[in-house]
file input-v2.cif (mmCIF, C-alpha atoms and all ligand atoms)
data_protein
loop_
_atom_site.label_atom_id
_atom_site.label_comp_id
_atom_site.auth_asym_id
_atom_site.auth_seq_id
_atom_site.Cartn_x
_atom_site.Cartn_y
_atom_site.Cartn_z
CA MET A 339 20.44 3.75 16.49
CA PRO A 340 22.48 4.07 13.34
CA ASP A 341 23.32 7.19 11.46
CA GLN A 342 20.12 7.89 9.54
CA SER A 343 21.53 10.15 6.89
CA PRO A 344 21.08 8.60 3.47
CA PRO A 345 24.24 7.76 1.58
CA ARG A 346 25.40 10.25 -0.99
CA LEU A 347 25.47 9.30 -4.60
CA SER A 348 29.21 9.72 -4.71
CA GLU A 349 29.60 7.29 -1.82
CA ILE A 350 27.68 4.59 -3.60
CA VAL A 351 29.07 4.59 -7.08
CA PRO A 352 32.12 5.94 -8.82
CA ALA A 353 31.57 9.17 -10.69
CA GLU A 354 32.44 7.75 -14.03
CA SER A 355 30.28 5.13 -15.63
CA THR A 356 32.16 2.12 -16.80
CA ARG A 357 29.46 -0.52 -16.89
CA LEU A 358 26.89 0.81 -19.30
CA GLY A 359 27.06 -0.82 -22.67
CA ALA A 360 25.66 0.68 -25.82
CA PRO A 361 21.90 1.21 -25.47
CA SER A 362 21.24 -0.90 -28.53
CA ASP A 363 23.14 -3.78 -26.94
CA ARG A 364 21.13 -3.51 -23.74
CA ARG A 365 17.84 -3.46 -25.56
CA ALA A 366 18.87 -6.36 -27.69
CA PHE A 367 19.75 -8.41 -24.61
CA LEU A 368 16.45 -7.74 -22.89
CA THR A 369 14.27 -8.12 -25.92
CA ASN A 370 15.99 -11.32 -26.91
CA ALA A 371 15.84 -12.75 -23.40
CA SER A 372 12.15 -11.98 -23.00
CA ALA A 373 11.02 -12.76 -26.52
CA LEU A 374 12.82 -16.06 -26.58
CA THR A 375 11.13 -16.89 -23.33
CA LEU A 376 7.79 -16.27 -24.97
CA ALA A 377 8.48 -18.51 -27.87
CA ILE A 378 10.65 -21.11 -26.24
CA PRO A 379 10.14 -21.59 -22.50
CA GLY A 380 13.37 -22.39 -20.75
CA LEU A 381 15.50 -21.67 -23.73
CA GLY A 382 14.97 -17.94 -23.34
CA ALA A 383 16.18 -17.96 -19.79
CA ALA A 384 19.08 -20.19 -20.64
CA LEU A 385 20.17 -18.05 -23.53
CA ALA A 386 19.76 -14.88 -21.55
CA GLY A 387 22.15 -16.28 -19.03
CA CYS A 388 24.64 -18.05 -21.17
CA SER A 389 27.76 -16.83 -22.80
CA PRO A 390 27.69 -15.47 -26.34
CA ALA A 391 29.15 -18.74 -27.43
CA GLY A 392 25.98 -20.37 -26.16
CA THR A 393 27.59 -23.44 -24.71
CA GLU A 394 25.03 -24.03 -21.96
CA ARG A 395 22.14 -26.37 -22.52
CA PRO A 396 18.52 -25.31 -22.19
CA ILE A 397 17.33 -25.89 -18.63
CA ASP A 398 13.77 -26.81 -19.44
CA SER A 399 12.44 -29.92 -21.05
CA VAL A 400 9.39 -28.22 -22.54
CA GLN A 401 9.07 -28.51 -26.29
CA THR A 402 10.85 -25.73 -28.06
CA ARG A 403 7.98 -24.86 -30.40
CA ALA A 404 4.29 -24.41 -30.01
CA ALA A 405 2.60 -27.39 -31.57
CA GLY A 406 1.32 -26.85 -35.08
CA SER A 407 2.72 -23.39 -35.58
CA PRO A 408 6.47 -23.40 -35.40
CA ASP A 409 7.01 -19.72 -36.02
CA SER A 410 4.05 -18.18 -34.29
CA THR A 411 4.69 -16.26 -31.10
CA ALA A 412 0.94 -16.07 -30.59
CA ALA A 413 0.67 -19.82 -30.71
CA ALA A 414 3.55 -20.13 -28.31
CA LEU A 415 1.84 -17.72 -25.97
CA ALA A 416 -1.24 -19.83 -25.94
CA GLN A 417 0.69 -22.79 -24.62
CA HIS A 418 3.68 -21.57 -22.72
CA ASN A 419 4.21 -19.52 -19.66
CA SER A 420 6.58 -16.99 -18.34
CA ASP A 421 9.10 -19.46 -17.00
CA SER A 422 8.47 -18.11 -13.54
CA ARG A 423 9.74 -21.39 -12.14
CA LEU A 424 13.13 -20.77 -13.72
CA ASP A 425 14.92 -19.08 -10.93
CA SER A 426 17.51 -16.62 -12.04
CA SER A 427 20.10 -18.40 -9.95
CA VAL A 428 20.51 -20.75 -12.87
CA LEU A 429 21.57 -17.89 -15.11
CA LYS A 430 25.31 -17.77 -15.43
CA GLY A 431 27.60 -15.41 -17.17
CA ALA A 432 24.99 -12.99 -18.45
CA ARG A 433 26.38 -10.39 -20.76
CA HIS A 434 27.55 -7.15 -19.27
CA GLY A 435 25.52 -4.03 -19.77
CA ALA A 436 21.99 -5.35 -19.17
CA THR A 437 20.03 -2.62 -17.45
CA SER A 438 16.44 -1.43 -17.21
CA ALA A 439 17.18 1.68 -19.29
CA THR A 440 14.58 1.18 -22.01
CA PRO A 441 13.37 4.31 -23.83
CA GLN A 442 10.06 4.27 -21.95
CA ALA A 443 11.74 3.78 -18.58
CA THR A 444 13.94 6.84 -18.99
CA ARG A 445 11.85 9.33 -20.93
CA GLY A 446 10.77 12.47 -19.05
CA ALA A 447 12.65 11.58 -15.88
CA ALA A 448 13.33 15.18 -14.90
CA GLN A 449 9.62 15.92 -14.68
CA VAL A 450 8.82 13.04 -12.32
CA ALA A 451 7.96 14.24 -8.81
CA PHE A 452 8.85 12.52 -5.55
CA ARG A 453 5.84 11.04 -3.82
CA ARG A 454 5.70 9.25 -0.48
CA TYR A 455 4.29 5.74 -0.80
CA ASP A 456 1.25 5.54 1.49
CA PRO A 457 1.82 2.54 3.80
CA ALA A 458 -1.80 2.36 5.03
CA LEU A 459 -3.62 -0.89 4.28
CA PRO A 460 -6.44 0.10 1.90
CA PRO A 461 -10.02 -0.89 2.81
CA LEU A 462 -11.60 -4.10 1.56
CA ALA A 463 -13.55 -3.98 -1.67
CA PRO A 464 -17.29 -4.32 -1.13
CA GLY A 465 -18.98 -7.53 -2.15
CA GLY A 466 -15.97 -9.75 -1.82
CA ARG A 467 -14.94 -9.16 -5.42
CA LEU A 468 -11.95 -7.29 -6.83
CA GLN A 469 -11.59 -6.42 -10.47
CA LEU A 470 -8.08 -5.28 -11.21
CA ASN A 471 -7.15 -4.02 -14.66
CA TRP A 472 -3.48 -3.23 -14.42
CA HIS A 473 -0.85 -2.17 -16.90
CA ALA A 474 2.81 -3.13 -17.02
CA ARG A 475 4.66 0.11 -17.62
CA GLU A 476 8.30 0.98 -18.02
CA THR A 477 8.54 4.44 -16.53
CA PRO A 478 10.92 6.60 -14.48
CA VAL A 479 10.24 6.70 -10.72
CA ARG A 480 11.73 9.23 -8.32
CA ILE A 481 12.84 7.36 -5.21
CA ARG A 482 14.60 10.32 -3.55
CA GLU A 483 14.61 14.03 -4.22
CA ASP A 484 17.88 13.59 -6.12
CA THR A 485 17.41 10.14 -7.65
CA VAL A 486 15.21 8.88 -10.48
CA VAL A 487 15.34 5.22 -11.48
CA ALA A 488 14.42 3.59 -14.78
CA GLY A 489 11.57 1.49 -13.43
CA TRP A 490 9.74 -1.51 -14.79
CA THR A 491 6.46 -1.28 -12.95
CA PHE A 492 2.94 -2.37 -12.34
CA GLU A 493 0.74 0.71 -12.63
CA GLY A 494 3.65 3.13 -12.78
CA ASP A 495 4.98 2.81 -9.24
CA ILE A 496 7.51 0.79 -7.22
CA PRO A 497 6.11 -1.18 -5.50
CA GLY A 498 2.88 -1.62 -7.42
CA PRO A 499 -0.46 -0.93 -5.72
CA ILE A 500 -1.37 -2.67 -2.47
CA VAL A 501 -4.13 -5.23 -3.01
CA HIS A 502 -6.38 -6.07 -0.06
CA CYS A 503 -8.92 -8.86 0.01
CA ARG A 504 -10.20 -11.60 2.28
CA VAL A 505 -9.89 -15.36 2.20
CA GLY A 506 -12.41 -16.66 -0.32
CA ASP A 507 -12.89 -13.37 -2.15
CA THR A 508 -12.76 -13.43 -5.92
CA VAL A 509 -9.91 -11.57 -7.57
CA GLU A 510 -10.34 -11.00 -11.29
CA PHE A 511 -7.05 -9.78 -12.65
CA THR A 512 -6.06 -8.50 -16.06
CA LEU A 513 -2.56 -7.40 -16.99
CA THR A 514 -2.10 -5.39 -20.16
CA ASN A 515 1.46 -4.83 -21.28
CA ASP A 516 2.19 -1.27 -22.41
CA ALA A 517 5.93 -1.89 -22.44
CA GLU A 518 8.31 -2.98 -25.16
CA ILE A 519 9.56 -6.03 -23.26
CA PRO A 520 7.26 -8.94 -22.35
CA HIS A 521 5.98 -8.97 -18.78
CA SER A 522 3.73 -11.13 -16.62
CA MET A 523 2.11 -11.41 -13.19
CA ASP A 524 2.65 -14.03 -10.50
CA PHE A 525 0.44 -13.69 -7.40
CA HIS A 526 1.74 -15.74 -4.49
CA ALA A 527 -1.79 -15.64 -3.01
CA ALA A 528 -3.19 -17.55 -6.00
CA GLN A 529 -3.44 -21.24 -6.67
CA VAL A 530 -3.60 -21.40 -10.45
CA ASP A 531 -1.73 -23.10 -13.26
CA PRO A 532 1.25 -20.79 -13.72
CA LYS A 533 1.81 -21.89 -17.29
CA VAL A 534 -1.53 -20.34 -18.16
CA ALA A 535 -2.13 -17.56 -15.66
CA PHE A 536 1.42 -16.32 -15.16
CA ARG A 537 2.45 -16.41 -18.81
CA SER A 538 4.25 -13.49 -20.36
CA VAL A 539 2.44 -11.08 -22.62
CA PRO A 540 4.07 -8.98 -25.32
CA LYS A 541 3.39 -5.32 -25.92
CA GLY A 542 -0.26 -4.46 -26.49
CA GLN A 543 -1.60 -7.81 -25.30
CA SER A 544 -3.34 -8.86 -22.10
CA VAL A 545 -3.66 -11.86 -19.84
CA THR A 546 -6.65 -12.40 -17.55
CA PHE A 547 -7.08 -14.85 -14.70
CA THR A 548 -9.24 -15.26 -11.61
CA PHE A 549 -8.36 -16.68 -8.22
CA ARG A 550 -9.77 -17.00 -4.71
CA PRO A 551 -7.13 -16.76 -1.98
CA LYS A 552 -7.21 -19.75 0.29
CA TRP A 553 -4.97 -18.52 3.09
CA ALA A 554 -4.68 -15.28 4.99
CA GLY A 555 -1.35 -13.51 5.03
CA ALA A 556 1.00 -10.99 3.45
CA PHE A 557 1.83 -12.25 -0.02
CA MET A 558 4.15 -11.04 -2.71
CA TYR A 559 3.24 -10.50 -6.32
CA HIS A 560 5.79 -10.01 -9.06
CA CYS A 561 6.57 -10.26 -12.73
CA GLY A 562 7.79 -13.75 -13.50
CA THR A 563 9.24 -13.19 -16.93
CA ALA A 564 12.77 -14.43 -17.37
CA PRO A 565 15.25 -13.44 -16.18
CA VAL A 566 13.05 -13.19 -13.07
CA LEU A 567 15.86 -11.51 -11.16
CA MET A 568 15.95 -8.70 -13.71
CA HIS A 569 12.20 -8.11 -13.68
CA ILE A 570 11.83 -8.19 -9.89
CA GLY A 571 15.05 -6.29 -9.49
CA SER A 572 13.79 -3.53 -11.78
CA GLY A 573 10.64 -2.85 -9.77
CA MET A 574 7.93 -5.30 -10.79
CA TYR A 575 6.57 -6.41 -7.40
CA GLY A 576 4.16 -5.54 -4.64
CA ALA A 577 1.92 -6.86 -1.86
CA ILE A 578 -1.43 -8.58 -1.78
CA ILE A 579 -2.78 -8.70 1.77
CA VAL A 580 -5.31 -11.42 2.47
CA SER A 581 -7.26 -10.86 5.68
CA PRO A 582 -8.91 -13.82 7.41
CA ARG A 583 -12.69 -14.22 7.34
CA GLU A 584 -12.77 -13.83 11.13
CA PRO A 585 -11.59 -10.28 11.82
CA LEU A 586 -8.31 -9.85 13.63
CA PRO A 587 -8.15 -7.52 16.66
CA VAL A 588 -8.85 -3.90 15.81
CA ALA A 589 -5.58 -2.25 14.75
CA ARG A 590 -3.95 0.44 12.68
CA GLU A 591 -2.78 -1.60 9.71
CA PHE A 592 0.23 -0.83 7.54
CA VAL A 593 1.95 -2.56 4.66
CA LEU A 594 5.71 -2.58 4.18
CA VAL A 595 7.37 -4.08 1.12
CA GLN A 596 11.10 -4.43 1.49
CA SER A 597 13.18 -4.55 -1.66
CA GLU A 598 16.72 -4.00 -2.88
CA PHE A 599 17.89 -1.51 -5.49
CA TYR A 600 20.92 -2.29 -7.63
CA LEU A 601 21.62 0.81 -9.68
CA ALA A 602 23.95 1.78 -12.47
CA ASP A 603 25.52 5.22 -12.53
CA ALA A 604 23.30 8.09 -13.58
CA ALA A 605 22.97 8.70 -17.31
CA ASN A 606 20.84 11.61 -18.54
CA GLY A 607 19.52 12.06 -15.02
CA VAL A 608 18.36 8.48 -14.58
CA ARG A 609 19.86 5.52 -12.76
CA ALA A 610 18.98 2.22 -14.40
CA PHE A 611 18.69 -1.08 -12.58
CA ASP A 612 21.83 -3.10 -13.24
CA TYR A 613 21.60 -6.87 -13.79
CA GLN A 614 25.24 -7.55 -13.03
CA LYS A 615 24.90 -5.79 -9.68
CA MET A 616 21.78 -7.85 -8.94
CA LEU A 617 23.85 -10.98 -9.50
CA ALA A 618 26.56 -9.63 -7.22
CA THR A 619 23.89 -9.09 -4.48
CA MET A 620 25.42 -5.91 -3.05
CA PRO A 621 22.54 -3.42 -3.19
CA ASP A 622 22.87 0.35 -3.25
CA TYR A 623 19.63 0.72 -1.32
CA VAL A 624 17.43 -1.58 0.72
CA VAL A 625 14.10 0.12 1.20
CA PHE A 626 10.57 -0.06 2.53
CA ASN A 627 7.94 0.71 -0.10
CA GLY A 628 10.32 1.80 -2.80
CA ARG A 629 12.06 4.83 -1.29
CA PRO A 630 15.06 4.79 1.06
CA ASN A 631 14.36 6.36 4.46
CA GLN A 632 10.99 7.77 3.42
CA TYR A 633 9.37 7.05 6.80
CA ILE A 634 12.15 8.88 8.58
CA ASP A 635 11.37 11.96 6.54
CA ALA A 636 7.61 11.44 6.98
CA ALA A 637 7.02 9.08 9.90
CA ILE A 638 4.11 6.70 10.46
CA ARG A 639 1.97 8.15 13.25
CA VAL A 640 -0.33 6.38 15.69
CA LYS A 641 -1.76 7.09 19.17
CA VAL A 642 -0.97 5.59 22.54
CA GLY A 643 -3.19 2.56 23.03
CA ASP A 644 -3.29 1.71 19.34
CA ARG A 645 -2.56 -1.80 18.23
CA VAL A 646 -0.34 -1.63 15.15
CA ARG A 647 -0.28 -4.39 12.57
CA PHE A 648 2.50 -4.51 10.01
CA TRP A 649 1.91 -6.72 7.00
CA LEU A 650 5.46 -7.14 5.76
CA VAL A 651 6.31 -8.55 2.34
CA ASN A 652 9.90 -9.11 1.36
CA ALA A 653 10.15 -8.70 -2.40
CA GLY A 654 13.90 -9.22 -2.30
CA PRO A 655 15.01 -10.16 -4.83
CA THR A 656 17.76 -11.71 -2.68
CA HIS A 657 18.13 -10.61 0.95
CA ALA A 658 16.11 -11.29 4.10
CA CYS A 659 14.25 -8.66 6.07
CA ASN A 660 15.07 -9.02 9.76
CA PHE A 661 12.22 -6.96 11.09
CA HIS A 662 12.54 -5.23 14.44
CA VAL A 663 11.04 -2.22 16.20
CA VAL A 664 13.52 -0.41 18.43
CA GLY A 665 12.10 0.11 21.94
CA GLU A 666 9.17 -2.19 21.35
CA GLN A 667 8.39 -5.88 21.16
CA PHE A 668 5.99 -7.71 18.90
CA ASP A 669 3.31 -9.09 21.15
CA THR A 670 2.23 -11.25 18.22
CA VAL A 671 3.93 -12.66 15.15
CA TYR A 672 1.73 -14.90 13.05
CA LEU A 673 3.93 -17.64 11.69
CA GLY A 674 1.12 -19.10 9.63
CA ALA A 675 -2.04 -17.69 8.19
CA PRO A 676 -3.44 -15.26 10.78
CA PRO A 677 -4.86 -15.82 13.31
CA ALA A 678 -3.22 -19.25 13.46
CA SER A 679 0.26 -20.03 14.69
CA ALA A 680 0.75 -16.85 16.70
CA ILE A 681 3.87 -16.55 18.79
CA ARG A 682 4.29 -13.98 21.58
CA GLY A 683 7.03 -11.65 22.59
CA ALA A 684 9.25 -11.69 19.56
CA GLN A 685 12.02 -9.12 19.15
CA THR A 686 13.22 -9.71 15.57
CA TRP A 687 11.86 -11.97 12.90
CA ALA A 688 13.34 -12.75 9.51
CA VAL A 689 11.11 -12.65 6.46
CA ALA A 690 12.53 -14.51 3.50
CA PRO A 691 12.64 -13.05 0.00
CA GLY A 692 9.40 -14.03 -1.63
CA GLY A 693 7.74 -14.31 1.77
CA GLY A 694 5.51 -12.27 4.04
CA THR A 695 4.70 -12.10 7.74
CA CYS A 696 2.10 -10.36 9.90
CA PHE A 697 3.45 -8.52 12.96
CA GLU A 698 1.51 -6.85 15.79
CA LEU A 699 2.53 -4.61 18.65
CA LEU A 700 0.55 -2.72 21.24
CA CYS A 701 1.71 0.89 21.38
CA ASP A 702 1.20 1.60 25.07
CA VAL A 703 4.29 3.80 25.45
CA PRO A 704 4.58 7.21 23.70
CA GLY A 705 7.72 7.99 21.77
CA GLN A 706 9.55 7.61 18.49
CA PHE A 707 10.26 3.99 17.60
CA PRO A 708 12.49 3.15 14.65
CA PHE A 709 11.37 0.11 12.69
CA VAL A 710 14.31 -1.44 10.92
CA ASN A 711 15.84 -4.28 9.07
CA HIS A 712 18.09 -5.31 11.98
CA GLY A 713 20.54 -6.72 9.47
CA PHE A 714 22.08 -3.29 9.69
CA GLY A 715 24.11 -3.51 6.55
CA HIS A 716 20.67 -3.31 4.97
CA GLY A 717 19.05 -0.98 7.49
CA GLN A 718 21.84 1.50 6.86
CA LYS A 719 20.95 1.51 3.18
CA GLY A 720 17.43 2.74 3.71
CA SER A 721 15.23 0.02 5.22
CA ILE A 722 14.45 2.06 8.29
CA GLY A 723 11.57 4.28 9.34
CA ILE A 724 10.03 5.86 12.42
CA LEU A 725 6.80 4.91 14.14
CA ILE A 726 5.68 7.90 16.22
CA VAL A 727 3.35 7.02 19.08
CA GLU A 728 1.63 10.24 20.12
CA PRO A 729 0.30 10.69 23.67
CU CU B 801 8.47 -7.93 -16.21
#

call {"tool": "encode", "arguments": {"input": "input-v2.cif", "output": "structure tokens", "more": "lines below"}}
Ligand SMILES: [Cu+2]
result
Amino acid sequence: MPDQSPPRLSEIVPAESTRLGAPSDRRAFLTNASALTLAIPGLGAALAGCSPAGTERPIDSVQTRAAGSPDSTAAALAQHNSDSRLDSSVLKGARHGATSATPQATRGAAQVAFRRYDPALPPLAPGGRLQLNWHARETPVRIREDTVVAGWTFEGDIPGPIVHCRVGDTVEFTLTNDAEIPHSMDFHAAQVDPKVAFRSVPKGQSVTFTFRPKWAGAFMYHCGTAPVLMHIGSGMYGAIIVSPREPLPVAREFVLVQSEFYLADAANGVRAFDYQKMLATMPDYVVFNGRPNQYIDAAIRVKVGDRVRFWLVNAGPTHACNFHVVGEQFDTVYLGAPPASAIRGAQTWAVAPGGGTCFELLCDVPGQFPFVNHGFGHGQKGSIGILIVEP
């Protein structure tokens, strides 16, 4: 087992900040990148990623104006989406200094309390119908006792709330954007036209769409506004768990969302998410449910004889989660939609960024079992917890 002590701030970053640009520059970058995306799909992402000289061509063939109303953002919104299909890997040479440190994301950071993220799978909504009215919020989030991050969030937390439904249920979803920068919602459990449903909404506006999940599984949701890397990397993701119509074996069910944190140095008591570090793909933390090592400090507890089911979503944005439970074996890993495609006796299974997998183990031995990302360069950075099996 590795050393479980979390890394100190001074071990992660140099004491002196050298990367933060002027706040006005950062805001200008983000607002321009997102707003251009709203008005001109493809072009926004391309400009956000290109050099100031703007020598790169737009990467989308969509018309650059909304038909009939060349200057209307509202008209553009009606026709264009969030560019969620424009992967941030196509962004090159983004300007330095882009971080999540918007005024809303940093204000009042000192007053934000640490709160453990409850990993328990919430119960199903009655009647097979979920009505979700969520808000995109830029707000500080305390991820450790000594660390507050400038989060871009769904509903004020990182990850956003766990959604639980069954195959064929109806999910009615509305996203209202309270934040300065445009945001959007992309549910991987949905089959909808992304240009309509997943479009970005500016401050004060809403988008509503309805879907009925077709497959069971652990699915990611995330903001798809360009640059997608920046919006996922700043906290806008979570899990929607779709249970099959036929109940799975009785189990204690938990949800783990792995994600990476790429943080700038602290400024005014807040560490912003840093776009350049996201591109460099060397995270400061890799975590389950938004806080490094939180389930070491407050373990997940079950009883001998319990079947435990982990619904694991890897929000990335970039690295795999190589899931493993020390001292145990998964008696079942569902490669497809549960209960189909189950394999037996797996030790470690990699979950891709943007993917999800359902794991089961039978806890017939008492003890303390670390669950880890067995890619230990990541596990060492916080994607580790303890499953306590009580006699
Ligand atoms: Cu967003």

call {"tool": "residues_near_ligand", "arguments": {"input": "input-v2.cif", "ligand": "ligand CU 801 (chain B)", "cutoff": "8 Å", "atoms": "all atoms listed in the file", "output": "list in words"}}
result
Ala474, Trp490, Thr491, Ile519, Pro520, His521, Ser522, Met523, His560, Cys561, Gly562, Thr563, Ala564, Val566, Met568, His569, Ile570 and Met574 of chain A

call {"tool": "closest_residue", "arguments": {"input": "input-v2.cif", "among": "A:Gly494, A:Gly489, A:Pro464, A:Pro457", "to": "Thr440 (chain A)", "atoms": "all atoms listed in the file"}}
result
A:Gly489

call {"tool": "closest_residue", "arguments": {"input": "input-v2.cif", "among": "A:Ala517, A:Val580, A:Val450, A:Ala688", "to": "Leu673 (chain A)", "atoms": "all atoms listed in the file"}}
result
A:Ala688

call {"tool": "atom_distance", "arguments": {"input": "input-v2.cif", "atom1": "CA of Arg467 (chain A)", "atom2": "CA of Ala678 (chain A)"}}
result
24.4 Å

call {"tool": "residues_near_point", "arguments": {"input": "input-v2.cif", "point": "(-7.1, -23.1, 3.9)", "cutoff": "10 Å", "atoms": "all atoms listed in the file", "output": "number ranges by chain"}}
result
A: 505-506, 551-554, 675

call {"tool": "residues_around", "arguments": {"input": "input-v2.cif", "residues": "region 583-599 of chain A", "least_positions_apart": "4", "cutoff": "9 Å", "atoms": "only C-alpha atoms", "output": "ChimeraX atom specification"}}
result
/A:456-460,497,500,504-506,554,556,558,571-573,575-577,579,611-612,616,619-628,638,640,644-659,676-677,691,694,698,700,711,716,721

call {"tool": "atom_distance", "arguments": {"input": "input-v2.cif", "atom1": "CA of Ala528 (chain A)", "atom2": "CA of Cys696 (chain A)"}}
result
18.2 Å

call {"tool": "atom_distance", "arguments": {"input": "input-v2.cif", "atom1": "CA of Ala451 (chain A)", "atom2": "CA of Asp635 (chain A)"}}
result
15.9 Å

call {"tool": "closest_atom_pairs", "arguments": {"input": "input-v2.cif", "of": "region 472-515 of chain A", "to": "region 532-542 of chain A", "cutoff": "9 Å", "atoms": "only C-alpha atoms", "output": "Markdown table"}}
result
| residue | atom | partner | partner_atom | distance |
| --- | --- | --- | --- | --- |
| A:Leu513 | CA | A:Val539 | CA | 8.4 |
| A:Thr514 | CA | A:Gly542 | CA | 6.7 |
| A:Asn515 | CA | A:Lys541 | CA | 5.0 |

call {"tool": "write_last_selection", "arguments": {"input": "input-v2.cif", "atoms": "C-alpha atoms", "output": "mmCIF file, in the frame of the given file"}}
result
data_model
loop_
_atom_site.group_PDB
_atom_site.id
_atom_site.type_symbol
_atom_site.label_atom_id
_atom_site.label_comp_id
_atom_site.auth_asym_id
_atom_site.auth_seq_id
_atom_site.Cartn_x
_atom_site.Cartn_y
_atom_site.Cartn_z
ATOM 1 C CA LEU A 513 -2.560 -7.400 -16.990
ATOM 2 C CA THR A 514 -2.100 -5.390 -20.160
ATOM 3 C CA ASN A 515 1.460 -4.830 -21.280
#

call {"tool": "closest_residue", "arguments": {"input": "input-v2.cif", "among": "A:Gly705, A:Gly683, A:Pro630, A:Pro441", "to": "Arg482 (chain A)", "atoms": "all atoms listed in the file"}}
result
A:Pro630

call {"tool": "residues_near_point", "arguments": {"input": "input-v2.cif", "point": "(14.9, 11.0, 3.0)", "cutoff": "12 Å", "atoms": "all atoms listed in the file", "output": "MDAnalysis selection string"}}
result
chainID A and resid 342:346 452:454 480:485 625:626 628:637 719:724

call {"tool": "build_atoms", "arguments": {"input": "input-v2.cif", "residues": "region 660-665 of chain A", "atoms": "all heavy atoms", "output": "PDB file, in the frame of the given file"}}
result
ATOM      1  N   ASN A 660      15.019  -8.634   8.349  1.00  0.00           N
ATOM      2  CA  ASN A 660      15.070  -9.020   9.760  1.00  0.00           C
ATOM      3  C   ASN A 660      14.363  -7.944  10.567  1.00  0.00           C
ATOM      4  O   ASN A 660      14.984  -7.011  11.074  1.00  0.00           O
ATOM      5  CB  ASN A 660      16.536  -9.189  10.180  1.00  0.00           C
ATOM      6  CG  ASN A 660      17.292 -10.069   9.191  1.00  0.00           C
ATOM      7  OD1 ASN A 660      17.113 -11.271   9.156  1.00  0.00           O
ATOM      8  ND2 ASN A 660      18.110  -9.444   8.341  1.00  0.00           N
ATOM      9  N   PHE A 661      13.057  -8.082  10.656  1.00  0.00           N
ATOM     10  CA  PHE A 661      12.220  -6.960  11.090  1.00  0.00           C
ATOM     11  C   PHE A 661      12.241  -6.799  12.605  1.00  0.00           C
ATOM     12  O   PHE A 661      12.077  -7.768  13.356  1.00  0.00           O
ATOM     13  CB  PHE A 661      10.794  -7.169  10.587  1.00  0.00           C
ATOM     14  CG  PHE A 661       9.946  -5.925  10.645  1.00  0.00           C
ATOM     15  CD1 PHE A 661      10.384  -4.734  10.069  1.00  0.00           C
ATOM     16  CD2 PHE A 661       8.706  -5.943  11.262  1.00  0.00           C
ATOM     17  CE1 PHE A 661       9.606  -3.588  10.117  1.00  0.00           C
ATOM     18  CE2 PHE A 661       7.914  -4.805  11.309  1.00  0.00           C
ATOM     19  CZ  PHE A 661       8.360  -3.628  10.741  1.00  0.00           C
ATOM     20  N   HIS A 662      12.379  -5.555  13.034  1.00  0.00           N
ATOM     21  CA  HIS A 662      12.540  -5.230  14.440  1.00  0.00           C
ATOM     22  C   HIS A 662      12.050  -3.807  14.674  1.00  0.00           C
ATOM     23  O   HIS A 662      12.232  -2.942  13.810  1.00  0.00           O
ATOM     24  CB  HIS A 662      14.038  -5.337  14.823  1.00  0.00           C
ATOM     25  CG  HIS A 662      14.349  -4.921  16.222  1.00  0.00           C
ATOM     26  ND1 HIS A 662      14.229  -5.779  17.299  1.00  0.00           N
ATOM     27  CD2 HIS A 662      14.781  -3.740  16.742  1.00  0.00           C
ATOM     28  CE1 HIS A 662      14.580  -5.138  18.408  1.00  0.00           C
ATOM     29  NE2 HIS A 662      14.919  -3.899  18.094  1.00  0.00           N
ATOM     30  N   VAL A 663      11.422  -3.578  15.821  1.00  0.00           N
ATOM     31  CA  VAL A 663      11.040  -2.220  16.200  1.00  0.00           C
ATOM     32  C   VAL A 663      11.819  -1.841  17.449  1.00  0.00           C
ATOM     33  O   VAL A 663      11.672  -2.480  18.509  1.00  0.00           O
ATOM     34  CB  VAL A 663       9.519  -2.103  16.449  1.00  0.00           C
ATOM     35  CG1 VAL A 663       9.163  -0.657  16.825  1.00  0.00           C
ATOM     36  CG2 VAL A 663       8.731  -2.526  15.202  1.00  0.00           C
ATOM     37  N   VAL A 664      12.663  -0.825  17.324  1.00  0.00           N
ATOM     38  CA  VAL A 664      13.520  -0.410  18.430  1.00  0.00           C
ATOM     39  C   VAL A 664      12.657   0.140  19.569  1.00  0.00           C
ATOM     40  O   VAL A 664      11.815   1.021  19.345  1.00  0.00           O
ATOM     41  CB  VAL A 664      14.528   0.660  17.963  1.00  0.00           C
ATOM     42  CG1 VAL A 664      15.406   1.127  19.129  1.00  0.00           C
ATOM     43  CG2 VAL A 664      15.387   0.126  16.823  1.00  0.00           C
ATOM     44  N   GLY A 665      12.849  -0.368  20.773  1.00  0.00           N
ATOM     45  CA  GLY A 665      12.100   0.110  21.940  1.00  0.00           C
ATOM     46  C   GLY A 665      10.744  -0.537  22.103  1.00  0.00           C
ATOM     47  O   GLY A 665       9.976  -0.139  22.978  1.00  0.00           O
TER      48      GLY A 665
END
